[in-house]
Amino acid sequence: MPSLKDLRNRIASVKATRKITKAMQMVAAAKLRRAQEAATAARPYAERMDGVLAALNQRASREGASPLLVGTGRDQTHLLIVLTAERGLCGGFNSNIAKLARADAQKLLAAGKTVKILTVGRKGADNLRRDLGRNIIERLDLRGVRQIGFSNAEDVANKVLAMFEAGEFDVATLYFSEFKSVIAQKPTALQLIPAKLPETTDAAPAGTGQSVVDYEPDEDAILGYLLTRNVSTQIFRGLLENAASEQGARMSAMDSATRNAGEMINKLTVKYNRQRQANITKELIEIISGAEAL
């Protein structure tokens, strides 16, 4: 049975931990609003980009189409781009993304495909290292980045495009967590190369009706530029969604940890009081017994 000193030390330790988890919860709540606004603002741009690309694709010539759109004609080598956080203590945020990527990688390997993994964020490599360590070709670290910018997404996109031009893979898929709410983040897989475009015949905003659009230069040139731009755009969207999801998951996890610490403190306090009362009772019995012996 622990002594009173041990219980006091344990209560003090749990109280200190509760202060830390409460502070982390408040910091995550403060960061969440800005991250959520950035992720929400990026969604219309990325979705509109898909609509414009779909409209251009229908008007562009079929000859000499960009490999970013039609692919290489093969489906043998797959590149999985896994976006995760640099830090933990955010519940199942990192593990859920890694779980989805791991499941897809194992399916591809079982089908005889070649799988290459590019991780962005330290936790992605840590989660996939045990099962798929030999398939990880590179790890990109954003630990020193305080606020995600488009330049960070461009760096990743340029590396991916360079690999594609060198013929190192045929299909590229992006893995990230789409932000739904503070308590809900959805692990998502988005095919980047060849681009998956929505079925549409209208490049105008919804509700404006059919419109005729003239492109200068021609559709093929614009489509080729936008396809390259689209890779950076979708990666940037994934990074922003991840940033919001990470803070939401950390806020929920730290809130649960704070409440659990409070419950543990209450239980330890009750145990401490009972032990203290038992010691007092024992001492009183010893005093009374000694007095009666005299």
# chains A, B, ... in the order shown; residues from 1 in each chain; ligands from 1
$ residues_around --residues "Ser181 in chain A" --least-positions-apart "6" --cutoff "12 Å" --atoms "only C-alpha atoms" --output "VMD selection string"
chain A and resid 32 to 33 35 to 36 39 to 40 241 244 to 249 251 to 252
$ atom_distance --atom1 "CA of Val27 in chain A" --atom2 "CA of Ala85 in chain A"
16.1 Å
$ closest_residue --among "A:Glu86, A:Met163, A:Arg8, A:Ile20" --to "Arg146 in chain A" --atoms "only C-alpha atoms"
A:Glu86
$ select_by_dssp --residues "range 119-196 of chain A" --states "alpha helix (DSSP H)" --output "JSON, numbers by chain"
{"A": [122, 123, 124, 125, 126, 127, 128, 129, 130, 131, 132, 150, 151, 152, 153, 154, 155, 156, 157, 158, 159, 160, 161, 162, 163, 164, 165]}
$ closest_residue --among "A:Val156, A:Met24, A:Leu174, A:Ala162" --to "Ala189 in chain A" --atoms "only C-alpha atoms"
A:Leu174
$ closest_residue --among "A:Thr281, A:Gln275, A:Gln191, A:Thr173" --to "Pro2 in chain A" --atoms "only C-alpha atoms"
A:Gln275
$ select_by_dssp --residues "range 128-236 of chain A" --states "strand (DSSP E)" --output "ChimeraX atom specification"
/A:136-140,171-181,184-193
$ write_last_selection --atoms "N, CA and C atoms" --output "tab-separated table (two decimals), in the first residue's frame"
chain	number	residue	atom	x	y	z
A	136	ILE	N	9.65	3.45	-48.41
A	136	ILE	CA	9.76	4.91	-48.22
A	136	ILE	C	11.02	5.40	-48.94
A	137	ILE	N	10.81	6.22	-49.95
A	137	ILE	CA	11.95	6.68	-50.76
A	137	ILE	C	12.49	8.02	-50.28
A	138	GLU	N	11.64	8.81	-49.61
A	138	GLU	CA	12.11	10.11	-49.14
A	138	GLU	C	11.18	10.63	-48.04
A	139	ARG	N	11.76	11.38	-47.12
A	139	ARG	CA	11.00	11.98	-46.03
A	139	ARG	C	11.23	13.48	-46.04
A	140	LEU	N	10.17	14.23	-46.20
A	140	LEU	CA	10.26	15.69	-46.19
A	140	LEU	C	9.83	16.20	-44.82
A	171	VAL	N	1.38	6.40	-61.26
A	171	VAL	CA	0.20	6.96	-60.59
A	171	VAL	C	0.63	7.54	-59.24
A	172	ALA	N	0.14	8.73	-58.94
A	172	ALA	CA	0.44	9.37	-57.65
A	172	ALA	C	-0.86	9.63	-56.90
A	173	THR	N	-0.87	9.28	-55.62
A	173	THR	CA	-2.05	9.47	-54.77
A	173	THR	C	-1.64	10.24	-53.53
A	174	LEU	N	-2.46	11.23	-53.17
A	174	LEU	CA	-2.19	12.08	-52.01
A	174	LEU	C	-3.07	11.64	-50.85
A	175	TYR	N	-2.45	11.51	-49.67
A	175	TYR	CA	-3.17	11.10	-48.46
A	175	TYR	C	-3.11	12.23	-47.44
A	176	PHE	N	-4.28	12.63	-46.95
A	176	PHE	CA	-4.37	13.67	-45.93
A	176	PHE	C	-5.67	13.48	-45.17
A	177	SER	N	-5.92	14.33	-44.19
A	177	SER	CA	-7.13	14.24	-43.38
A	177	SER	C	-7.99	15.47	-43.64
A	178	GLU	N	-9.17	15.24	-44.16
A	178	GLU	CA	-10.08	16.35	-44.45
A	178	GLU	C	-10.77	16.80	-43.16
A	179	PHE	N	-10.75	18.09	-42.92
A	179	PHE	CA	-11.33	18.64	-41.70
A	179	PHE	C	-12.84	18.72	-41.84
A	180	LYS	N	-13.56	18.06	-40.91
A	180	LYS	CA	-15.02	18.13	-40.87
A	180	LYS	C	-15.47	18.99	-39.69
A	181	SER	N	-14.97	18.67	-38.52
A	181	SER	CA	-15.27	19.44	-37.32
A	181	SER	C	-14.18	19.17	-36.29
A	184	ALA	N	-14.29	15.48	-35.70
A	184	ALA	CA	-14.39	14.59	-36.87
A	184	ALA	C	-13.41	15.04	-37.94
A	185	GLN	N	-12.47	14.16	-38.27
A	185	GLN	CA	-11.53	14.39	-39.37
A	185	GLN	C	-11.53	13.12	-40.23
A	186	LYS	N	-11.65	13.28	-41.53
A	186	LYS	CA	-11.82	12.14	-42.43
A	186	LYS	C	-10.53	11.89	-43.22
A	187	PRO	N	-9.84	10.76	-42.99
A	187	PRO	CA	-8.69	10.41	-43.82
A	187	PRO	C	-9.12	10.26	-45.29
A	188	THR	N	-8.40	10.90	-46.19
A	188	THR	CA	-8.81	10.99	-47.59
A	188	THR	C	-7.65	10.61	-48.50
A	189	ALA	N	-7.98	9.90	-49.58
A	189	ALA	CA	-7.01	9.58	-50.63
A	189	ALA	C	-7.45	10.27	-51.91
A	190	LEU	N	-6.58	11.09	-52.48
A	190	LEU	CA	-6.90	11.86	-53.69
A	190	LEU	C	-5.85	11.55	-54.76
A	191	GLN	N	-6.30	11.06	-55.90
A	191	GLN	CA	-5.37	10.76	-57.00
A	191	GLN	C	-4.94	12.06	-57.66
A	192	LEU	N	-3.63	12.29	-57.66
A	192	LEU	CA	-3.08	13.51	-58.25
A	192	LEU	C	-2.70	13.32	-59.72
A	193	ILE	N	-2.02	12.22	-60.01
A	193	ILE	CA	-1.53	11.94	-61.36
A	193	ILE	C	-1.90	10.51	-61.73
$ residues_around --residues "Gln234 in chain A" --least-positions-apart "2" --cutoff "10 Å" --atoms "only C-alpha atoms" --output "ChimeraX atom specification"
/A:42-43,45-47,49-50,153,157,174,190-192,229-232,236-240
$ atom_distance --atom1 "CA of Ile81 in chain A" --atom2 "CA of Leu223 in chain A"
23.5 Å
$ closest_residue --among "A:Pro67, A:Ala243, A:Leu83, A:Asn127" --to "Gly167 in chain A" --atoms "only C-alpha atoms"
A:Pro67
$ residues_around --residues "Met264 in chain A" --least-positions-apart "3" --cutoff "10 Å" --atoms "only C-alpha atoms" --output "list in words"
Arg10, Ile11, Val14, Lys15, Thr258, Arg259, Asn260, Ala261, Lys267, Leu268, Thr269 and Val270 of chain A
$ decode --residues "range 228-241 of chain A" --atoms "all heavy atoms" --output "mmCIF file, in the first residue's frame"
data_model
loop_
_atom_site.group_PDB
_atom_site.id
_atom_site.type_symbol
_atom_site.label_atom_id
_atom_site.label_comp_id
_atom_site.auth_asym_id
_atom_site.auth_seq_id
_atom_site.Cartn_x
_atom_site.Cartn_y
_atom_site.Cartn_z
ATOM 1 N N THR A 228 -0.130 21.345 -64.192
ATOM 2 C CA THR A 228 1.030 21.456 -63.305
ATOM 3 C C THR A 228 0.679 22.253 -62.052
ATOM 4 O O THR A 228 1.056 21.889 -60.934
ATOM 5 C CB THR A 228 2.194 22.136 -64.047
ATOM 6 O OG1 THR A 228 2.514 21.385 -65.226
ATOM 7 C CG2 THR A 228 3.427 22.202 -63.172
ATOM 8 N N ARG A 229 -0.058 23.333 -62.254
ATOM 9 C CA ARG A 229 -0.485 24.157 -61.123
ATOM 10 C C ARG A 229 -1.423 23.384 -60.204
ATOM 11 O O ARG A 229 -1.403 23.569 -58.978
ATOM 12 C CB ARG A 229 -1.188 25.399 -61.663
ATOM 13 C CG ARG A 229 -1.689 26.372 -60.608
ATOM 14 C CD ARG A 229 -0.576 27.249 -60.124
ATOM 15 N NE ARG A 229 -1.062 28.305 -59.251
ATOM 16 C CZ ARG A 229 -0.285 29.241 -58.720
ATOM 17 N NH1 ARG A 229 1.008 29.262 -58.964
ATOM 18 N NH2 ARG A 229 -0.800 30.168 -57.931
ATOM 19 N N ASN A 230 -2.228 22.506 -60.789
ATOM 20 C CA ASN A 230 -3.201 21.760 -60.000
ATOM 21 C C ASN A 230 -2.530 20.840 -58.983
ATOM 22 O O ASN A 230 -3.057 20.626 -57.884
ATOM 23 C CB ASN A 230 -4.097 20.937 -60.934
ATOM 24 C CG ASN A 230 -5.185 20.187 -60.188
ATOM 25 O OD1 ASN A 230 -6.008 20.776 -59.501
ATOM 26 N ND2 ASN A 230 -5.180 18.869 -60.325
ATOM 27 N N VAL A 231 -1.370 20.283 -59.334
ATOM 28 C CA VAL A 231 -0.658 19.416 -58.396
ATOM 29 C C VAL A 231 -0.274 20.205 -57.145
ATOM 30 O O VAL A 231 -0.487 19.757 -56.012
ATOM 31 C CB VAL A 231 0.592 18.803 -59.067
ATOM 32 C CG1 VAL A 231 1.395 17.983 -58.067
ATOM 33 C CG2 VAL A 231 0.186 17.924 -60.245
ATOM 34 N N SER A 232 0.263 21.409 -57.343
ATOM 35 C CA SER A 232 0.619 22.257 -56.192
ATOM 36 C C SER A 232 -0.618 22.662 -55.406
ATOM 37 O O SER A 232 -0.602 22.681 -54.162
ATOM 38 C CB SER A 232 1.365 23.507 -56.667
ATOM 39 O OG SER A 232 2.543 23.178 -57.373
ATOM 40 N N THR A 233 -1.700 22.977 -56.127
ATOM 41 C CA THR A 233 -2.930 23.420 -55.468
ATOM 42 C C THR A 233 -3.514 22.342 -54.578
ATOM 43 O O THR A 233 -3.910 22.591 -53.437
ATOM 44 C CB THR A 233 -3.964 23.859 -56.515
ATOM 45 O OG1 THR A 233 -3.427 24.930 -57.292
ATOM 46 C CG2 THR A 233 -5.255 24.318 -55.853
ATOM 47 N N GLN A 234 -3.578 21.109 -55.098
ATOM 48 C CA GLN A 234 -4.163 20.023 -54.316
ATOM 49 C C GLN A 234 -3.279 19.655 -53.113
ATOM 50 O O GLN A 234 -3.791 19.329 -52.041
ATOM 51 C CB GLN A 234 -4.391 18.799 -55.206
ATOM 52 C CG GLN A 234 -5.360 19.030 -56.363
ATOM 53 C CD GLN A 234 -6.745 19.464 -55.911
ATOM 54 O OE1 GLN A 234 -7.152 19.204 -54.784
ATOM 55 N NE2 GLN A 234 -7.471 20.134 -56.796
ATOM 56 N N ILE A 235 -1.963 19.706 -53.290
ATOM 57 C CA ILE A 235 -1.070 19.442 -52.160
ATOM 58 C C ILE A 235 -1.213 20.543 -51.109
ATOM 59 O O ILE A 235 -1.233 20.262 -49.893
ATOM 60 C CB ILE A 235 0.389 19.338 -52.638
ATOM 61 C CG1 ILE A 235 0.571 18.072 -53.496
ATOM 62 C CG2 ILE A 235 1.352 19.303 -51.453
ATOM 63 C CD1 ILE A 235 1.962 17.924 -54.085
ATOM 64 N N PHE A 236 -1.335 21.792 -51.558
ATOM 65 C CA PHE A 236 -1.527 22.905 -50.625
ATOM 66 C C PHE A 236 -2.833 22.744 -49.857
ATOM 67 O O PHE A 236 -2.890 22.955 -48.642
ATOM 68 C CB PHE A 236 -1.525 24.230 -51.386
ATOM 69 C CG PHE A 236 -1.624 25.443 -50.515
ATOM 70 C CD1 PHE A 236 -0.814 25.587 -49.398
ATOM 71 C CD2 PHE A 236 -2.521 26.453 -50.812
ATOM 72 C CE1 PHE A 236 -0.901 26.711 -48.587
ATOM 73 C CE2 PHE A 236 -2.618 27.581 -50.009
ATOM 74 C CZ PHE A 236 -1.804 27.710 -48.896
ATOM 75 N N ARG A 237 -3.877 22.340 -50.567
ATOM 76 C CA ARG A 237 -5.156 22.097 -49.892
ATOM 77 C C ARG A 237 -5.013 20.981 -48.853
ATOM 78 O O ARG A 237 -5.525 21.082 -47.736
ATOM 79 C CB ARG A 237 -6.227 21.721 -50.912
ATOM 80 C CG ARG A 237 -7.571 21.402 -50.265
ATOM 81 C CD ARG A 237 -8.526 20.755 -51.238
ATOM 82 N NE ARG A 237 -9.741 20.323 -50.560
ATOM 83 C CZ ARG A 237 -10.693 19.607 -51.140
ATOM 84 N NH1 ARG A 237 -10.568 19.235 -52.407
ATOM 85 N NH2 ARG A 237 -11.769 19.242 -50.463
ATOM 86 N N GLY A 238 -4.295 19.917 -49.218
ATOM 87 C CA GLY A 238 -4.084 18.821 -48.277
ATOM 88 C C GLY A 238 -3.327 19.264 -47.035
ATOM 89 O O GLY A 238 -3.660 18.868 -45.914
ATOM 90 N N LEU A 239 -2.320 20.106 -47.215
ATOM 91 C CA LEU A 239 -1.552 20.612 -46.073
ATOM 92 C C LEU A 239 -2.418 21.482 -45.160
ATOM 93 O O LEU A 239 -2.322 21.393 -43.934
ATOM 94 C CB LEU A 239 -0.347 21.409 -46.575
ATOM 95 C CG LEU A 239 0.783 20.608 -47.237
ATOM 96 C CD1 LEU A 239 1.827 21.553 -47.837
ATOM 97 C CD2 LEU A 239 1.442 19.655 -46.244
ATOM 98 N N LEU A 240 -3.270 22.309 -45.759
ATOM 99 C CA LEU A 240 -4.143 23.163 -44.959
ATOM 100 C C LEU A 240 -5.204 22.340 -44.228
ATOM 101 O O LEU A 240 -5.526 22.616 -43.061
ATOM 102 C CB LEU A 240 -4.811 24.217 -45.844
ATOM 103 C CG LEU A 240 -3.885 25.287 -46.443
ATOM 104 C CD1 LEU A 240 -4.680 26.246 -47.319
ATOM 105 C CD2 LEU A 240 -3.162 26.061 -45.344
ATOM 106 N N GLU A 241 -5.765 21.358 -44.923
ATOM 107 C CA GLU A 241 -6.747 20.479 -44.267
ATOM 108 C C GLU A 241 -6.092 19.736 -43.108
ATOM 109 O O GLU A 241 -6.686 19.565 -42.034
ATOM 110 C CB GLU A 241 -7.311 19.480 -45.283
ATOM 111 C CG GLU A 241 -8.151 20.089 -46.390
ATOM 112 C CD GLU A 241 -9.562 20.423 -45.958
ATOM 113 O OE1 GLU A 241 -9.939 20.076 -44.822
ATOM 114 O OE2 GLU A 241 -10.293 21.050 -46.747
#
